[in-house]
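Engineer: Have a peek at structure_2.txt (compact mmCIF, C-alpha atoms and all ligand atoms).
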# COMPACT_ATOMS: atom_id res chain seq x y z
CA MET C 1 72.37 -46.16 -23.34
CA ALA C 2 72.50 -47.42 -26.96
CA VAL C 3 70.64 -45.41 -29.59
CA SER C 4 69.63 -46.67 -33.05
CA GLU C 5 68.43 -44.28 -35.70
CA ILE C 6 65.63 -45.89 -37.67
CA THR C 7 63.30 -44.82 -40.44
CA ALA C 8 59.57 -45.34 -40.21
CA LYS C 9 57.03 -45.81 -43.00
CA THR C 10 54.20 -44.14 -41.09
CA ILE C 11 54.00 -42.13 -37.89
CA LEU C 12 50.38 -41.30 -37.21
CA ARG C 13 48.51 -44.11 -35.50
CA LYS C 14 44.88 -43.51 -36.37
CA GLN C 15 42.21 -44.85 -34.02
CA LYS C 16 38.97 -46.44 -35.17
CA ARG C 17 37.09 -44.22 -32.74
CA ILE C 18 37.75 -41.43 -30.26
CA ASP C 19 39.60 -42.71 -27.20
CA SER C 20 37.55 -41.43 -24.29
CA TRP C 21 40.51 -41.64 -21.87
CA PHE C 22 42.39 -38.96 -23.81
CA ILE C 23 39.72 -37.58 -26.20
CA SER C 24 42.17 -38.43 -28.94
CA CYS C 25 41.62 -39.37 -32.57
CA CYS C 26 45.21 -40.48 -33.21
CA GLY C 27 48.62 -40.72 -31.61
CA MET C 28 52.24 -41.41 -32.38
CA ASN C 29 55.48 -42.83 -31.03
CA LEU C 30 58.51 -40.80 -32.04
CA TYR C 31 60.88 -43.02 -30.07
CA ARG C 32 60.83 -46.72 -29.28
CA GLY C 33 61.84 -47.58 -25.73
CA CYS C 34 62.08 -45.14 -22.85
CA HIS C 35 65.04 -44.06 -20.79
CA HIS C 36 62.73 -43.27 -17.85
CA ASN C 37 62.65 -47.01 -17.29
CA CYS C 38 59.66 -47.20 -14.95
CA ALA C 39 59.58 -50.64 -13.36
CA TYR C 40 55.95 -51.31 -14.27
CA CYS C 41 56.14 -50.03 -17.86
CA ASP C 42 53.83 -51.93 -20.13
CA GLY C 43 56.05 -51.04 -23.12
CA ARG C 44 58.42 -53.75 -21.92
CA ALA C 45 55.88 -56.47 -22.76
CA GLU C 46 56.74 -58.66 -25.77
CA LYS C 47 53.63 -57.65 -27.70
CA TYR C 48 55.08 -54.18 -28.38
CA ARG C 49 58.22 -55.65 -29.94
CA VAL C 50 60.62 -53.10 -28.50
CA GLU C 51 63.95 -54.77 -29.16
CA GLY C 52 66.91 -54.98 -26.78
CA GLU C 53 66.89 -53.99 -23.14
CA PHE C 54 64.01 -51.62 -22.44
CA GLY C 55 65.25 -48.41 -20.84
CA LYS C 56 68.73 -48.78 -22.31
CA ASP C 57 68.34 -49.67 -25.99
CA LEU C 58 66.41 -46.89 -27.67
CA SER C 59 65.38 -46.17 -31.24
CA VAL C 60 64.68 -42.80 -32.80
CA LYS C 61 62.47 -42.37 -35.86
CA VAL C 62 64.72 -39.86 -37.54
CA ASN C 63 62.43 -39.29 -40.53
CA ALA C 64 59.34 -38.73 -38.32
CA ILE C 65 58.90 -35.05 -39.13
CA ASP C 66 59.00 -35.50 -42.92
CA ILE C 67 56.42 -38.26 -42.77
CA LEU C 68 54.21 -36.56 -40.23
CA GLY C 69 54.31 -33.34 -42.23
CA ARG C 70 52.72 -35.26 -45.11
CA GLU C 71 50.30 -37.18 -42.86
CA LEU C 72 49.00 -34.07 -41.15
CA ASP C 73 48.83 -31.73 -44.12
CA PRO C 74 45.07 -31.28 -44.78
CA ALA C 75 45.79 -30.34 -48.42
CA ARG C 76 47.18 -33.84 -49.06
CA LYS C 77 44.35 -35.71 -47.37
CA ARG C 78 41.45 -37.22 -49.22
CA LYS C 79 39.64 -37.77 -45.94
CA PRO C 80 40.26 -35.38 -43.01
CA LEU C 81 41.20 -36.76 -39.61
CA PRO C 82 38.21 -37.08 -37.28
CA ARG C 83 37.98 -34.13 -34.91
CA GLY C 84 39.75 -34.92 -31.63
CA TYR C 85 43.04 -34.32 -29.84
CA VAL C 86 46.24 -35.59 -31.40
CA PHE C 87 47.82 -37.54 -28.56
CA LEU C 88 51.51 -37.35 -27.85
CA GLY C 89 52.79 -39.76 -25.24
CA GLY C 90 52.25 -42.99 -23.41
CA GLY C 91 52.69 -46.52 -24.66
CA ILE C 92 56.25 -47.43 -25.43
CA ASN C 93 57.98 -44.10 -24.96
CA ASP C 94 57.82 -40.67 -23.41
CA SER C 95 58.07 -37.86 -25.97
CA TYR C 96 60.14 -35.78 -23.54
CA GLN C 97 62.61 -38.48 -22.48
CA PRO C 98 66.26 -37.28 -22.45
CA LEU C 99 66.83 -38.18 -26.12
CA GLU C 100 64.47 -35.38 -27.09
CA GLN C 101 67.11 -32.83 -26.13
CA LYS C 102 69.29 -34.09 -28.93
CA TYR C 103 66.71 -34.95 -31.60
CA ASN C 104 64.07 -32.27 -31.02
CA LEU C 105 61.36 -34.40 -32.65
CA THR C 106 58.63 -33.47 -30.20
CA PHE C 107 59.29 -29.77 -30.59
CA ARG C 108 59.04 -30.08 -34.36
CA VAL C 109 55.82 -32.09 -34.05
CA LEU C 110 54.37 -29.23 -32.01
CA GLN C 111 55.35 -26.83 -34.78
CA LEU C 112 53.35 -28.98 -37.21
CA MET C 113 50.38 -29.05 -34.82
CA TYR C 114 50.44 -25.28 -34.68
CA LYS C 115 50.87 -24.91 -38.42
CA TYR C 116 47.91 -27.16 -39.26
CA GLY C 117 45.74 -26.20 -36.27
CA TYR C 118 45.30 -29.57 -34.59
CA PRO C 119 44.31 -29.85 -30.90
CA LEU C 120 47.06 -31.43 -28.84
CA HIS C 121 47.07 -33.60 -25.73
CA ILE C 122 50.51 -34.34 -24.24
CA LEU C 123 51.08 -37.02 -21.60
CA THR C 124 54.56 -37.09 -20.10
CA LYS C 125 56.48 -37.71 -16.91
CA SER C 126 59.19 -35.23 -17.83
CA THR C 127 59.64 -31.67 -16.65
CA SER C 128 61.29 -30.95 -20.03
CA VAL C 129 57.84 -30.19 -21.38
CA LEU C 130 58.42 -26.71 -19.94
CA ARG C 131 60.95 -26.11 -22.74
CA ASP C 132 58.02 -25.95 -25.18
CA ILE C 133 55.58 -24.01 -23.02
CA ASP C 134 55.41 -20.98 -25.33
CA LEU C 135 54.57 -23.08 -28.34
CA ILE C 136 52.04 -25.17 -26.40
CA GLU C 137 50.39 -21.94 -25.27
CA GLU C 138 50.14 -20.79 -28.89
CA ILE C 139 48.61 -24.14 -29.87
CA HIS C 140 46.16 -23.83 -27.00
CA HIS C 141 45.03 -20.42 -28.20
CA ARG C 142 44.74 -21.58 -31.76
CA SER C 143 43.22 -25.05 -31.44
CA SER C 144 43.31 -26.24 -27.75
CA ALA C 145 45.93 -28.11 -25.78
CA ILE C 146 46.01 -30.20 -22.63
CA VAL C 147 49.18 -31.17 -20.77
CA SER C 148 48.90 -34.22 -18.52
CA MET C 149 51.41 -36.02 -16.39
CA SER C 150 51.27 -39.54 -15.03
CA PHE C 151 52.01 -40.46 -11.43
CA SER C 152 51.87 -43.66 -9.41
CA SER C 153 51.79 -41.49 -6.26
CA VAL C 154 53.47 -38.32 -5.01
CA ASP C 155 55.81 -40.20 -2.67
CA GLU C 156 59.45 -39.33 -3.43
CA ARG C 157 60.97 -42.55 -2.13
CA ILE C 158 58.59 -44.79 -4.05
CA CYS C 159 59.13 -42.74 -7.19
CA ARG C 160 62.92 -43.05 -6.92
CA HIS C 161 62.61 -46.81 -6.66
CA PHE C 162 59.98 -47.56 -9.29
CA GLU C 163 60.47 -44.61 -11.68
CA PRO C 164 64.24 -44.08 -11.55
CA GLY C 165 64.53 -41.94 -14.69
CA VAL C 166 61.91 -39.28 -14.05
CA ALA C 167 61.79 -36.04 -12.11
CA SER C 168 60.40 -36.18 -8.59
CA PRO C 169 56.61 -35.95 -8.18
CA LEU C 170 56.90 -32.54 -6.52
CA GLU C 171 58.92 -31.17 -9.45
CA ARG C 172 56.35 -32.56 -11.88
CA LEU C 173 53.48 -31.03 -9.92
CA ASP C 174 55.30 -27.72 -9.91
CA VAL C 175 55.65 -27.90 -13.70
CA LEU C 176 51.94 -28.66 -14.06
CA TYR C 177 51.11 -25.73 -11.81
CA ARG C 178 53.24 -23.42 -13.96
CA ILE C 179 51.56 -24.68 -17.12
CA ARG C 180 48.16 -24.05 -15.53
CA GLN C 181 49.26 -20.50 -14.74
CA ARG C 182 49.55 -19.98 -18.50
CA GLY C 183 45.89 -20.92 -18.88
CA ILE C 184 46.55 -24.37 -20.36
CA PRO C 185 44.39 -27.17 -18.90
CA ILE C 186 46.32 -29.82 -16.96
CA GLY C 187 45.51 -33.41 -16.05
CA MET C 188 46.86 -36.07 -13.75
CA TYR C 189 46.88 -39.69 -14.87
CA LEU C 190 47.09 -41.47 -11.54
CA MET C 191 48.15 -44.68 -13.17
CA PRO C 192 49.28 -47.13 -12.59
CA VAL C 193 48.52 -47.25 -8.90
CA ILE C 194 50.99 -49.92 -7.73
CA PRO C 195 49.25 -52.67 -5.74
CA PHE C 196 50.24 -52.87 -2.05
CA VAL C 197 52.62 -49.92 -2.56
CA THR C 198 50.69 -46.84 -3.65
CA ASP C 199 47.12 -48.12 -3.37
CA THR C 200 46.46 -47.28 0.29
CA PRO C 201 43.79 -44.69 1.21
CA LYS C 202 46.48 -42.55 2.85
CA MET C 203 48.69 -42.53 -0.24
CA ILE C 204 45.83 -41.90 -2.69
CA ASP C 205 44.47 -39.13 -0.49
CA ARG C 206 47.92 -37.52 -0.36
CA THR C 207 48.19 -37.66 -4.13
CA LEU C 208 44.73 -36.20 -4.70
CA THR C 209 45.46 -33.43 -2.21
CA ALA C 210 48.62 -32.53 -4.16
CA ALA C 211 46.68 -32.69 -7.43
CA ARG C 212 44.06 -30.30 -6.15
CA GLN C 213 46.70 -27.89 -4.89
CA ALA C 214 48.34 -27.87 -8.33
CA GLY C 215 45.03 -26.82 -9.89
CA ILE C 216 44.44 -30.05 -11.79
CA ASP C 217 41.44 -30.02 -14.17
CA PHE C 218 40.89 -33.77 -13.92
CA VAL C 219 42.37 -36.96 -12.48
CA ILE C 220 42.20 -40.17 -14.48
CA PHE C 221 42.84 -43.14 -12.28
CA GLY C 222 43.80 -46.70 -13.16
CA GLY C 223 45.26 -49.89 -11.72
CA MET C 224 48.33 -51.70 -12.94
CA THR C 225 48.54 -54.46 -15.51
CA LEU C 226 51.33 -57.02 -15.37
CA LYS C 227 51.81 -59.22 -18.41
CA ASP C 228 53.71 -62.46 -18.02
CA GLY C 229 57.13 -62.35 -19.67
CA ARG C 230 59.55 -59.44 -19.74
CA GLN C 231 57.24 -56.95 -18.02
CA ARG C 232 56.54 -59.23 -15.08
CA GLU C 233 60.12 -60.47 -14.74
CA TYR C 234 61.54 -56.98 -14.61
CA PHE C 235 58.88 -55.63 -12.28
CA VAL C 236 59.26 -58.52 -9.81
CA LYS C 237 63.02 -57.98 -9.72
CA VAL C 238 62.51 -54.31 -8.76
CA LEU C 239 59.72 -55.22 -6.33
CA ARG C 240 61.96 -57.69 -4.48
CA GLU C 241 64.52 -54.95 -3.94
CA TYR C 242 61.76 -52.75 -2.52
CA ASP C 243 60.05 -55.33 -0.30
CA PRO C 244 60.61 -59.06 -0.89
CA GLY C 245 57.49 -59.87 1.14
CA LEU C 246 55.17 -58.40 -1.50
CA GLU C 247 55.85 -60.85 -4.33
CA HIS C 248 53.48 -63.45 -2.92
CA GLN C 249 50.63 -60.94 -2.83
CA PHE C 250 51.25 -60.06 -6.47
CA ASP C 251 51.09 -63.76 -7.35
CA ILE C 252 47.63 -63.90 -5.79
CA ILE C 253 46.17 -61.00 -7.78
CA TYR C 254 48.08 -61.40 -11.09
CA THR C 255 47.22 -64.87 -12.30
CA GLY C 256 48.56 -64.71 -15.86
CA GLU C 257 45.50 -63.17 -17.49
CA ARG C 258 46.17 -62.51 -21.17
CA TRP C 259 46.12 -58.70 -20.91
CA GLY C 260 47.94 -58.69 -17.60
CA ARG C 261 44.90 -57.65 -15.61
CA ALA C 262 44.65 -58.34 -11.89
CA ILE C 263 41.70 -60.29 -10.54
CA GLY C 264 38.38 -58.43 -10.54
CA GLN C 265 38.09 -58.30 -6.73
CA TYR C 266 41.32 -56.34 -6.51
CA TYR C 267 40.14 -53.66 -8.97
CA GLU C 268 36.76 -53.48 -7.20
CA HIS C 269 38.54 -52.86 -3.92
CA LEU C 270 40.82 -50.27 -5.53
CA ASN C 271 37.85 -48.45 -7.06
CA GLN C 272 36.19 -48.26 -3.65
CA VAL C 273 39.34 -46.83 -2.09
CA PHE C 274 39.65 -44.23 -4.85
CA VAL C 275 35.98 -43.23 -4.73
CA ALA C 276 36.10 -42.83 -0.95
CA CYS C 277 39.26 -40.68 -1.17
CA ASN C 278 37.91 -38.53 -3.98
CA ARG C 279 34.77 -37.72 -1.99
CA ARG C 280 36.95 -35.31 -0.05
CA HIS C 281 38.35 -33.69 -3.21
CA ASN C 282 35.62 -33.95 -5.86
CA LEU C 283 38.10 -33.95 -8.71
CA PRO C 284 36.56 -34.81 -12.11
CA VAL C 285 37.50 -38.41 -12.90
CA ARG C 286 37.17 -37.95 -16.65
CA ILE C 287 38.21 -35.11 -18.98
CA PRO C 288 35.45 -32.51 -18.45
CA PRO C 289 33.20 -31.69 -21.43
CA ARG C 290 34.32 -28.04 -21.48
CA LEU C 291 37.71 -29.31 -22.74
CA TYR C 292 36.23 -31.06 -25.79
CA ASN C 293 32.90 -29.36 -26.43
CA ASP C 294 34.28 -27.31 -29.29
CA ILE C 295 36.44 -30.12 -30.64
CA LEU C 296 34.37 -33.27 -31.11
CA ASP C 297 31.55 -33.60 -33.61
CA VAL C 298 28.12 -34.44 -32.24
CA ASN C 299 28.29 -38.20 -32.82
CA ASN C 300 31.62 -38.55 -31.07
CA LYS C 301 30.54 -36.23 -28.26
CA VAL C 302 27.52 -38.44 -27.60
CA VAL C 303 29.64 -41.60 -27.53
CA VAL C 304 32.35 -40.10 -25.31
CA MET C 305 29.85 -38.65 -22.85
CA LEU C 306 27.98 -41.96 -22.56
CA GLU C 307 31.29 -43.81 -22.09
CA HIS C 308 32.18 -41.38 -19.32
CA ILE C 309 28.84 -41.90 -17.60
CA ASP C 310 29.37 -45.65 -17.96
CA TYR C 311 32.83 -45.41 -16.43
CA ILE C 312 31.62 -43.42 -13.42
CA HIS C 313 28.73 -45.83 -12.84
CA LYS C 314 31.11 -48.79 -12.84
CA LEU C 315 33.68 -47.00 -10.70
CA ASN C 316 30.97 -46.60 -8.10
CA GLY C 317 29.84 -50.21 -8.45
CA TRP C 318 26.48 -49.27 -10.02
CA THR C 319 24.92 -51.12 -12.93
CA SER C 320 25.21 -49.32 -16.25
CA PRO C 321 23.40 -49.60 -19.58
CA TYR C 322 25.48 -46.66 -20.90
CA GLY C 323 28.51 -48.56 -22.20
CA TYR C 324 26.43 -50.78 -24.46
CA ALA C 325 24.43 -47.80 -25.74
CA ALA C 326 27.71 -45.97 -26.48
CA TYR C 327 28.96 -49.00 -28.38
CA ARG C 328 25.79 -49.17 -30.50
CA LEU C 329 25.74 -45.43 -31.14
CA ALA C 330 29.37 -45.56 -32.24
CA GLN C 331 28.25 -47.82 -35.13
CA VAL C 332 25.79 -45.22 -36.43
CA LYS C 333 27.14 -43.56 -39.58
CA GLU C 334 24.43 -40.91 -40.04
CA PRO C 335 24.66 -37.64 -38.12
CA LEU C 336 22.74 -38.25 -34.87
CA GLY C 337 21.22 -34.78 -35.18
CA GLU C 338 19.27 -36.08 -38.19
CA MET C 339 18.06 -39.08 -36.19
CA ARG C 340 16.68 -37.06 -33.31
CA ASP C 341 13.23 -38.73 -33.57
CA LYS C 342 14.51 -42.26 -34.22
CA LEU C 343 16.95 -42.67 -31.33
CA ARG C 344 14.77 -45.28 -29.58
CA SER C 345 15.07 -47.56 -32.61
CA ILE C 346 18.79 -47.99 -31.90
CA ASN C 347 19.56 -51.11 -29.92
CA GLY C 348 20.49 -50.29 -26.31
CA VAL C 349 18.94 -46.82 -26.38
CA GLY C 350 16.01 -46.72 -23.96
CA LYS C 351 13.92 -43.76 -22.86
CA ARG C 352 16.43 -42.35 -20.34
CA ILE C 353 19.43 -42.66 -22.70
CA ALA C 354 17.46 -41.23 -25.63
CA SER C 355 16.67 -38.22 -23.47
CA ILE C 356 20.36 -37.76 -22.59
CA VAL C 357 21.42 -38.15 -26.21
CA GLY C 358 18.75 -35.64 -27.27
CA GLU C 359 20.08 -33.15 -24.73
CA ILE C 360 23.63 -33.56 -26.05
CA ILE C 361 22.43 -33.11 -29.63
CA ASP C 362 20.40 -30.00 -28.75
CA THR C 363 22.70 -28.27 -26.25
CA GLY C 364 26.13 -29.91 -26.61
CA SER C 365 26.13 -30.69 -22.91
CA CYS C 366 24.82 -33.28 -20.49
CA ARG C 367 23.65 -32.22 -17.04
CA TYR C 368 23.76 -35.79 -15.69
CA LEU C 369 27.44 -36.20 -16.65
CA GLU C 370 28.28 -32.76 -15.23
CA ARG C 371 26.64 -33.76 -11.94
CA LEU C 372 28.54 -37.06 -11.82
CA LEU C 373 31.84 -35.29 -12.52
CA ARG C 374 31.25 -32.88 -9.66
CA GLY C 375 31.01 -35.91 -7.36
S1 LIG J 1 57.62 -42.75 -18.76
FE1 LIG J 1 55.96 -43.98 -19.58
S2 LIG J 1 56.81 -44.96 -21.42
FE2 LIG J 1 58.54 -44.20 -20.21
S3 LIG J 1 59.18 -45.96 -18.96
FE3 LIG J 1 57.74 -44.71 -17.75
S4 LIG J 1 55.75 -45.67 -18.10
FE4 LIG J 1 57.12 -46.39 -19.73
Let's see the structure in the file written out as structure tokens.
Ligand code: SF4

Structural biologist:
Amino acid sequence: MAVSEITAKTILRKQKRIDSWFISCCGMNLYRGCHHNCAYCDGRAEKYRVEGEFGKDLSVKVNAIDILGRELDPARKRKPLPRGYVFLGGGINDSYQPLEQKYNLTFRVLQLMYKYGYPLHILTKSTSVLRDIDLIEEIHHRSSAIVSMSFSSVDERICRHFEPGVASPLERLDVLYRIRQRGIPIGMYLMPVIPFVTDTPKMIDRTLTAARQAGIDFVIFGGMTLKDGRQREYFVKVLREYDPGLEHQFDIIYTGERWGRAIGQYYEHLNQVFVACNRRHNLPVRIPPRLYNDILDVNNKVVVMLEHIDYIHKLNGWTSPYGYAAYRLAQVKEPLGEMRDKLRSINGVGKRIASIVGEIIDTGSCRYLERLLRG
């Protein structure tokens, strides 16, 4: 492993709008590259410009805490951050990869979160998150925290092959369970499901069973992307060592689409498999409103809830006007509470959606979304 110490100009990556997958308003990468070296990692793709050999050549933003301290300090901000979780994880690194033991950046970021009272959502594949459990618990009591872990399945052998640098799925589930015992909400990101490897009904059912037993609050599910170039070359090399017969099937579903997406029929099939499996478990497939009700402002709550309804409609193969309405409502600058009687004048907002938006404005909740999340 080669480690470069670099300095960054900025750390906080602000989002134009709340990301409804994580309920986050901003995120950060403290490291570039990831020693966990998952075979499918999107961070390997050229567009992220991680230099050197991904998984072996790593960079550390050694000045991250100084910069972040300034970026998060509300007294230095002309405009406050939008209300939402600050997201730690994913993308091109894992905040709890082995380097963290030496540099302690993540721990010091958590101290800043606590100091300034920001809600925190961590996504990791590392059991080292337990090191910071006391501090995360304090953040949760002060401003809310969620700890999520990502899985491609709970199969040990598959994990060893495709995710060589991470703890076993059972160890990770045990850590999640222990975090839940402290009263901190936990999530599973079942993504990416690896085509022809972890996408079978049996495997997904096994994973959802384990998730339920760990006391998971939600499961966010997603298929794999495979961008041509470094990501695809590395993944195919690992795949051949696992089962050389599978490469041809990957060639059929990954046809070089710009964002690395598989063909639509594959994702439709995968959605059907997931929906059928989850009928037995009824795990919420989006972060439940109770975990963001006190965090998001009304406008963002409306948009997130409509996006979640839209997602669940599409997951089930139903038509959905909700995504377009969410998009139009996200453009509205005025507080929606002051537009209560003019909602129908917004493009994409018909009678049914206006009624749902009105309910969210009046009560902060949405019975239709709650029903969909219960399955
Ligand atoms: S843990 Fe996440 S960031 Fe690290 S290699 Fe795996 S997928 Fe990539």

Engineer: Could you work out how far CA of Leu306 in chain C lies from CA of Lys79 in chain C, giving the answer in Å with one decimal?

Structural biologist: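 If I compute the distance from CA of Lys79 in chain C to CA of Leu306 in chain C, I get 26.5 Å.
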
Engineer: Got a sec to check which residues lie within 7 Å of ligand LIG 1 (chain J), using all atoms listed in the file, and send them as a PyMOL selection string?

Structural biologist: chain C and resi 34-38+40-43+55+90-94+124-125+163

Engineer: Which residue gives the smallest distance to Pro284 in chain C among C:Glu233, C:Glu370, C:Asp205, C:Glu334, with all atoms listed in the file counted?

Structural biologist: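 The answer is C:Glu370, which sits nearest to Pro284 in chain C.
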
Engineer: Could you name the residues that touch range 21-27 of chain C at 9 Å or less, counting all atoms listed in the file, but leaving out those on the same chain fewer than 5 positions away, as a PyMOL selection string?

Structural biologist: chain C and resi 11-16+81-89+120-121+220+286-287+292+296+304+308

Engineer: Would you pick out the contacts of range 342-358 of chain C at 12 Å or less, using only C-alpha atoms, so that residues sharing its chain but fewer than 4 positions from it are not included, and give the list as a PyMOL selection string?

Structural biologist: chain C and resi 298-307+309-310+320-332+334-338+362-370

Engineer: Can you list, as a VMD selection string, every protein, DNA or RNA residue that comes within 10 Å of Lys115 in chain C when you count all atoms listed in the file, leaving out same-chain residues fewer than 6 positions away?

Structural biologist: chain C and resid 69 72 to 73 109 139 142

Engineer: Which residues come within 10 Å of Ala276 in chain C, counting only C-alpha atoms, excluding same-chain residues fewer than 5 positions away, as a ChimeraX atom specification?

Structural biologist: /C:201,204-205,270-271,281,316

Engineer: What separation in Å, quoted to one decimal, exists between CA of Trp259 in chain C and CA of Asp199 in chain C?

Structural biologist: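 Between these atoms lies a distance of 20.5 Å.
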
Engineer: What separation in Å, quoted to one decimal, exists between CA of Met191 in chain C and CA of Val60 in chain C?

Structural biologist: 25.7 Å

Engineer: Have a look at C:Ile194, C:Asn282, C:Lys333, C:Ile6 and name the one nearest to Phe250 in chain C; count all atoms listed in the file.

Structural biologist: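 Nearest candidate to Phe250 in chain C out of C:Ile194, C:Asn282, C:Lys333, C:Ile6: C:Ile194.
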
Engineer: Extract, using all atoms listed in the file, all DNA, RNA and protein residues at most 12 Å from Leu130 in chain C, discarding same-chain residues fewer than 2 positions from it, and format them as a PDB file with C-alpha atoms, in the frame of the given file.

Structural biologist:
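Saved to out_14.pdb:
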ATOM      1  CA  TYR C  96      60.140 -35.780 -23.540  1.00  0.00           C
ATOM      2  CA  PHE C 107      59.290 -29.770 -30.590  1.00  0.00           C
ATOM      3  CA  ILE C 122      50.510 -34.340 -24.240  1.00  0.00           C
ATOM      4  CA  THR C 124      54.560 -37.090 -20.100  1.00  0.00           C
ATOM      5  CA  LYS C 125      56.480 -37.710 -16.910  1.00  0.00           C
ATOM      6  CA  SER C 126      59.190 -35.230 -17.830  1.00  0.00           C
ATOM      7  CA  THR C 127      59.640 -31.670 -16.650  1.00  0.00           C
ATOM      8  CA  SER C 128      61.290 -30.950 -20.030  1.00  0.00           C
ATOM      9  CA  ASP C 132      58.020 -25.950 -25.180  1.00  0.00           C
ATOM     10  CA  ILE C 133      55.580 -24.010 -23.020  1.00  0.00           C
ATOM     11  CA  ASP C 134      55.410 -20.980 -25.330  1.00  0.00           C
ATOM     12  CA  LEU C 135      54.570 -23.080 -28.340  1.00  0.00           C
ATOM     13  CA  ILE C 136      52.040 -25.170 -26.400  1.00  0.00           C
ATOM     14  CA  GLU C 137      50.390 -21.940 -25.270  1.00  0.00           C
ATOM     15  CA  VAL C 147      49.180 -31.170 -20.770  1.00  0.00           C
ATOM     16  CA  GLU C 171      58.920 -31.170  -9.450  1.00  0.00           C
ATOM     17  CA  ARG C 172      56.350 -32.560 -11.880  1.00  0.00           C
ATOM     18  CA  LEU C 173      53.480 -31.030  -9.920  1.00  0.00           C
ATOM     19  CA  ASP C 174      55.300 -27.720  -9.910  1.00  0.00           C
ATOM     20  CA  VAL C 175      55.650 -27.900 -13.700  1.00  0.00           C
ATOM     21  CA  LEU C 176      51.940 -28.660 -14.060  1.00  0.00           C
ATOM     22  CA  TYR C 177      51.110 -25.730 -11.810  1.00  0.00           C
ATOM     23  CA  ARG C 178      53.240 -23.420 -13.960  1.00  0.00           C
ATOM     24  CA  ILE C 179      51.560 -24.680 -17.120  1.00  0.00           C
ATOM     25  CA  ARG C 180      48.160 -24.050 -15.530  1.00  0.00           C
ATOM     26  CA  ARG C 182      49.550 -19.980 -18.500  1.00  0.00           C
TER      27      ARG C 182
END

Engineer: Give as a count of residues only each residue that has an atom at most 7 Å from (58.3, -51.7, -4.9) in the file, counting all atoms listed in the file.

Structural biologist: 8
